[in-house]
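A.B. asks: Take this structure first; my questions come after.
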Amino acid sequence: MQSMHYLKNYINGVNCDALSGKWIDNYNPSDGSVYAQIPDSSKQDVDKAYSAAQAAFPAWSTTTIDTRSKIMLRIADLILENLEGLAKAEAKDNGKPLSLATAVDIPRASANFRFFGNGITQFASKAHQSVGLNTMNYTLKQPIGVVGCISPWNLPLYLFTWKIAPALAAGNCVVAKPSEVTPMTAYLLGDICTQAGLPAGVLNIVHGTGPTAGQAIVEHPNIKAISFTGGTQTGAHIARVAAPLFKKLSLELGGKNPNLIFADCDYQKMLSVTLKSSFANQGQICLCGSRIYVEETIFEQFKKDFVAKVASLKVGNPFDADTKIGALVSKSHMEKVQGYIEIAKQENGTILYGGKPVEVTGSEQGYYLQPTVIEIQENQCRINQEEIFGPVVTLMPFKTEAEALKLANDVKYGLSATIWTSNIDRTMRLSKDIQAGIVWVNTWLNRDLRTPFGGVKQSGVGREGGFEALNFFTEAKNVCISYQGNI
Ligand code: NAD
């Protein structure tokens with residue numbers, strides 16, 4: 001019998017229970033068992049975390065950049081030193097293949113701290129001399145104070161640290177909440193930060209549900225900025241709550257990203273990358289290309305080749321080395337995704353492959369679903385318009401570039417898009433006109449952390465990444481000094 005893990009909040013450098021003494025069950029999606037309990041935090045816990053952060057702010061915000069940077073880099077090193085344990089914890093908590101957590105999630109969490117630990121040393125302000133007016137302006141980039149970071153379950157430590165690292169590097173103190181569905185690696189991060197020498201109270205991690213603990217962060221009158229990644233509906237709600245409090249907001253929300261495939265592309269490269277962009281992390285990446293549009297002349301060939309590749313993906317326990325598709329994150333999410341497969345049938349979609357749950361030997365109670373490919377007749381059908389966020393893609397042919405563009409933009413989301421073509425003029429035209437924050441051409445999920453990241457339309461407001469994130473987590477203050485004489 002497995003022993004139960006009791007997770008703690010991390011407040012003022014100390015691991016502690018929720019003040020209410022209440023707990024929430026935490027599931028292992030690969031076998032459906034409850035394997036941990038997490039604190040069911042309330043407003044009182046958020047207030048406690050805020051007080052710790054506020055008390056730590058004067059010292060942290062005036063710590064030298066060199067010292068701050070060294071602590072960030074030490075956290076990055078310690079994450080890598082703990083790679084194996086963190087990757088196992090992530091795979092167990094989320095259901096993703098251990099190979100993916102080991103190769104991508106945990107290294108990227110480390111890279112986030114390394115990137116912003118180095119980045120802060122290059123984050124400079126500008127000066128503007130007004131010749132003739134005899135004034136000199138300079139801009140101070142000042143930390144905001146106590147900021148809130150709220151993250152989702154799909155890339156747990158990867159996205160949690162993507163927010164926390166720039167916030168801390170810029171000199172803020174943080175109250176952060178990971179998803180209640182995948183709290184484990186955020187919990188483990190607390191100890192790593194202590195070991196790295198992060199002073200008590202600079203980072204506070206509060207576990208709990210969105211409507212209670214998350215909402216308390218958003219509603220807190222003195223938490224002055226919120227960096228949120230999650231669903232579009234939640235984002236809209238957070239924007240409504242934060243607006244009267246005049247908080248700075250960064251909202252990274254849902255996606256329903258087009259993948260435009262032209263006959264002149266590098267076909268073999270496109271096939272293998274499209275397999276990843278469709279089903280990596282069980283299709284639970286906001287950037288997955290879930291709407292696939294293929295030029296009519298190669299549509300039948302693509303269907304045949306793609307379905308054959310999809311059929312070769314092994315669905316299995318996240319800890320098996322050859323597993324390509326692990327478990328979906330929760331029972332309720334599995335039911336939601338299956339619900340969309342039923343909707344597809346009502347909408348006259350043709351299921352070319354998949355659509356059924358998979359019983360994995362030894363893990364019969366886990367949440368496994370076949371990768372699913374559905375040919376659709378209408379761009380406007382629900383499965384092609386609503387974010388499913390699972391291993392389900394739609395497929396549709398197009399005749400012309402103009403039609404492809406129209407189909408790509410005919411959706412309320414605008415996070416990313418992928419174009420497959422060898423025609424440079426087409427690349428330039430489409431990249432300009434596609435409504436998305438990120439466009440990949442002949443590649444997918446290639447990320448340089450210096451580049452801006454974010455969505456348009458209902459995929460969000462604001463940009464993260466590089467100096468965009470450091471700008472978000474600072475206030476720009478202009479100082480104008482009048483001087484005498486000529487300089
Ligand atoms: P979610 O919106 O349900 O939850 C995200 C986080 O918000 C969780 O920590 C949750 O507890 C919290 N939350 C929920 N209600 C809240 C409230 N009222 N106040 C404050 N916090 C609240 O999203 P999810 O299901 O965890 O994640 C999946 C979604 O995230 C998908 O829509 C996906 O596209 C999106 N996502 C977007 C990006 C991006 O960068 N654009 C990246 C990853 C995931």
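We label chains A, B, ... in the order they appear in the structure tokens, count residues from 1 in each chain, and number ligands from 1 in the order shown.
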Please check which protein, DNA or RNA residues sit within 9 Å of ligand 1, counting only C-alpha atoms and all ligand atoms, and write them as a PyMOL selection string.
C.D. replies: chain A and resi 149-156+159+177-182+207-219+228-235+237-238+241+251-256+284-287+333+387-389+415+453-455+459-460+464
A.B. asks: Just the residues within 8 Å of Leu19 of chain A, please, counting only C-alpha atoms, with nothing from its chain fewer than 6 positions along; format it as a list in words.
C.D. replies: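 That gives Ser41, Ser42, Gln44 and Asp45 of chain A.
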A.B. asks: I need the strand (DSSP E or B) residues of segment 56-177 of chain A per DSSP on the backbone, written as a list in words.
C.D. replies: Ala127, His128, Gln129, Ser130, Thr135, Met136, Asn137, Tyr138, Thr139, Leu140, Lys141, Gln142, Pro143, Val146, Val147, Gly148, Cys149, Ile150, Cys173, Val174, Val175, Ala176 and Lys177 of chain A
A.B. asks: Which residue out of A:Leu157, A:Leu369, A:Ile419, A:Ala170 has the minimum interatomic distance to Pro143 of chain A when only C-alpha atoms are used?
C.D. replies: A:Ala170
A.B. asks: Could you give me, as a short mmCIF file (atom, residue, chain, number, x, y, z; two decimals) with all heavy atoms, in the first residue's frame, the residues within 8 Å of Phe279 of chain A, counting only C-alpha atoms and dropping anything in the same chain fewer than 6 positions from it?
C.D. replies:
data_model
loop_
_atom_site.label_atom_id
_atom_site.label_comp_id
_atom_site.auth_asym_id
_atom_site.auth_seq_id
_atom_site.Cartn_x
_atom_site.Cartn_y
_atom_site.Cartn_z
N CYS A 288 -0.80 23.51 -28.91
CA CYS A 288 -1.02 22.39 -29.84
C CYS A 288 -1.80 22.87 -31.05
O CYS A 288 -2.70 23.70 -30.94
CB CYS A 288 -1.79 21.26 -29.14
SG CYS A 288 -0.73 20.17 -28.17
N ILE A 325 1.78 8.59 -25.32
CA ILE A 325 0.59 9.28 -24.83
C ILE A 325 0.29 8.73 -23.44
O ILE A 325 -0.02 7.54 -23.30
CB ILE A 325 -0.63 9.00 -25.75
CG1 ILE A 325 -0.26 9.26 -27.21
CG2 ILE A 325 -1.86 9.76 -25.29
CD1 ILE A 325 -0.83 10.45 -27.86
N PRO A 371 -5.38 8.71 -29.15
CA PRO A 371 -5.26 9.94 -29.94
C PRO A 371 -6.33 9.90 -31.03
O PRO A 371 -6.56 8.83 -31.62
CB PRO A 371 -3.85 9.85 -30.52
CG PRO A 371 -3.46 8.42 -30.43
CD PRO A 371 -4.22 7.83 -29.29
N GLY A 390 -7.24 18.26 -25.40
CA GLY A 390 -6.96 16.84 -25.22
C GLY A 390 -6.41 16.28 -26.52
O GLY A 390 -6.14 17.04 -27.47
N PRO A 391 -6.26 14.94 -26.61
CA PRO A 391 -5.64 14.35 -27.80
C PRO A 391 -6.63 14.22 -28.97
O PRO A 391 -6.90 13.12 -29.46
CB PRO A 391 -5.19 12.98 -27.29
CG PRO A 391 -6.16 12.65 -26.21
CD PRO A 391 -6.57 13.94 -25.58
N VAL A 392 -7.16 15.35 -29.39
CA VAL A 392 -8.18 15.34 -30.45
C VAL A 392 -7.85 16.46 -31.45
O VAL A 392 -7.71 17.62 -31.05
CB VAL A 392 -9.59 15.61 -29.87
CG1 VAL A 392 -10.63 15.61 -30.98
CG2 VAL A 392 -9.94 14.59 -28.80
#
A.B. asks: Which residue out of A:Asn204, A:Gly148, A:Ser431, A:Met270 has the minimum interatomic distance to Ala242 of chain A when only C-alpha atoms are used?
C.D. replies: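 Among A:Asn204, A:Gly148, A:Ser431, A:Met270, it is A:Gly148 that comes nearest to Ala242 of chain A.
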A.B. asks: Here is a test: counting only C-alpha atoms, which residue of A:Phe160, A:Phe116, A:Phe398, A:Phe57 is nearest to Glu295 of chain A?
C.D. replies: A:Phe398
A.B. asks: Just how far from atom CA of Ser20 of chain A is atom CA of Lys224 of chain A, in Å to one decimal?
C.D. replies: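 So the answer is 25.7 Å.
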A.B. asks: List the spatial neighbours of segment 121-137 of chain A as a ChimeraX atom specification - criterion: any atom at most 12 Å away, only C-alpha atoms, same-chain residues fewer than 2 positions off excluded.
C.D. replies: /A:64-70,72-73,114-119,139-142,166,169-170,450,466-471,473-487
A.B. asks: Write out as a tab-separated table the residues of segment 367-464 of chain A that have any atom within 10 Å of an atom of segment 301-304 of chain A, one row each with the nearest atom pair and its distance in Å to one decimal, counting only C-alpha atoms, sorted by chain and then rising number.
C.D. replies:
residue	atom	partner	partner_atom	distance
A:Val373	CA	A:Lys303	CA	9.3
A:Glu375	CA	A:Lys303	CA	9.0
A:Leu395	CA	A:Lys303	CA	8.4
A:Met396	CA	A:Lys303	CA	9.8
A.B. asks: Okay, now the selection with all heavy atoms, as a CSV table (one decimal), in the first residue's frame?
C.D. replies:
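Written file, part-v6.csv:
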chain,number,residue,atom,x,y,z
A,373,VAL,N,-8.4,11.5,-34.4
A,373,VAL,CA,-8.4,12.4,-35.6
A,373,VAL,C,-9.8,12.4,-36.2
A,373,VAL,O,-10.3,11.4,-36.5
A,373,VAL,CB,-7.4,11.8,-36.7
A,373,VAL,CG1,-7.3,12.8,-37.8
A,373,VAL,CG2,-6.0,11.6,-36.0
A,375,GLU,N,-12.3,14.1,-39.2
A,375,GLU,CA,-12.5,14.9,-40.4
A,375,GLU,C,-13.8,15.6,-40.2
A,375,GLU,O,-14.8,15.0,-39.9
A,375,GLU,CB,-12.5,14.0,-41.6
A,375,GLU,CG,-12.6,14.8,-42.9
A,375,GLU,CD,-12.5,14.0,-44.2
A,375,GLU,OE1,-12.1,12.7,-44.1
A,375,GLU,OE2,-12.7,14.5,-45.3
A,395,LEU,N,-9.6,17.8,-39.0
A,395,LEU,CA,-8.9,17.8,-40.3
A,395,LEU,C,-9.9,18.3,-41.3
A,395,LEU,O,-11.0,17.9,-41.3
A,395,LEU,CB,-8.6,16.4,-40.5
A,395,LEU,CG,-7.4,16.0,-41.3
A,395,LEU,CD1,-6.2,16.5,-40.5
A,395,LEU,CD2,-7.3,14.4,-41.4
A,396,MET,N,-9.4,19.2,-42.2
A,396,MET,CA,-10.3,19.8,-43.2
A,396,MET,C,-9.4,20.2,-44.4
A,396,MET,O,-8.3,20.7,-44.2
A,396,MET,CB,-11.0,21.0,-42.6
A,396,MET,CG,-12.2,21.4,-43.4
A,396,MET,SD,-13.0,22.7,-42.5
A,396,MET,CE,-14.1,23.3,-43.7
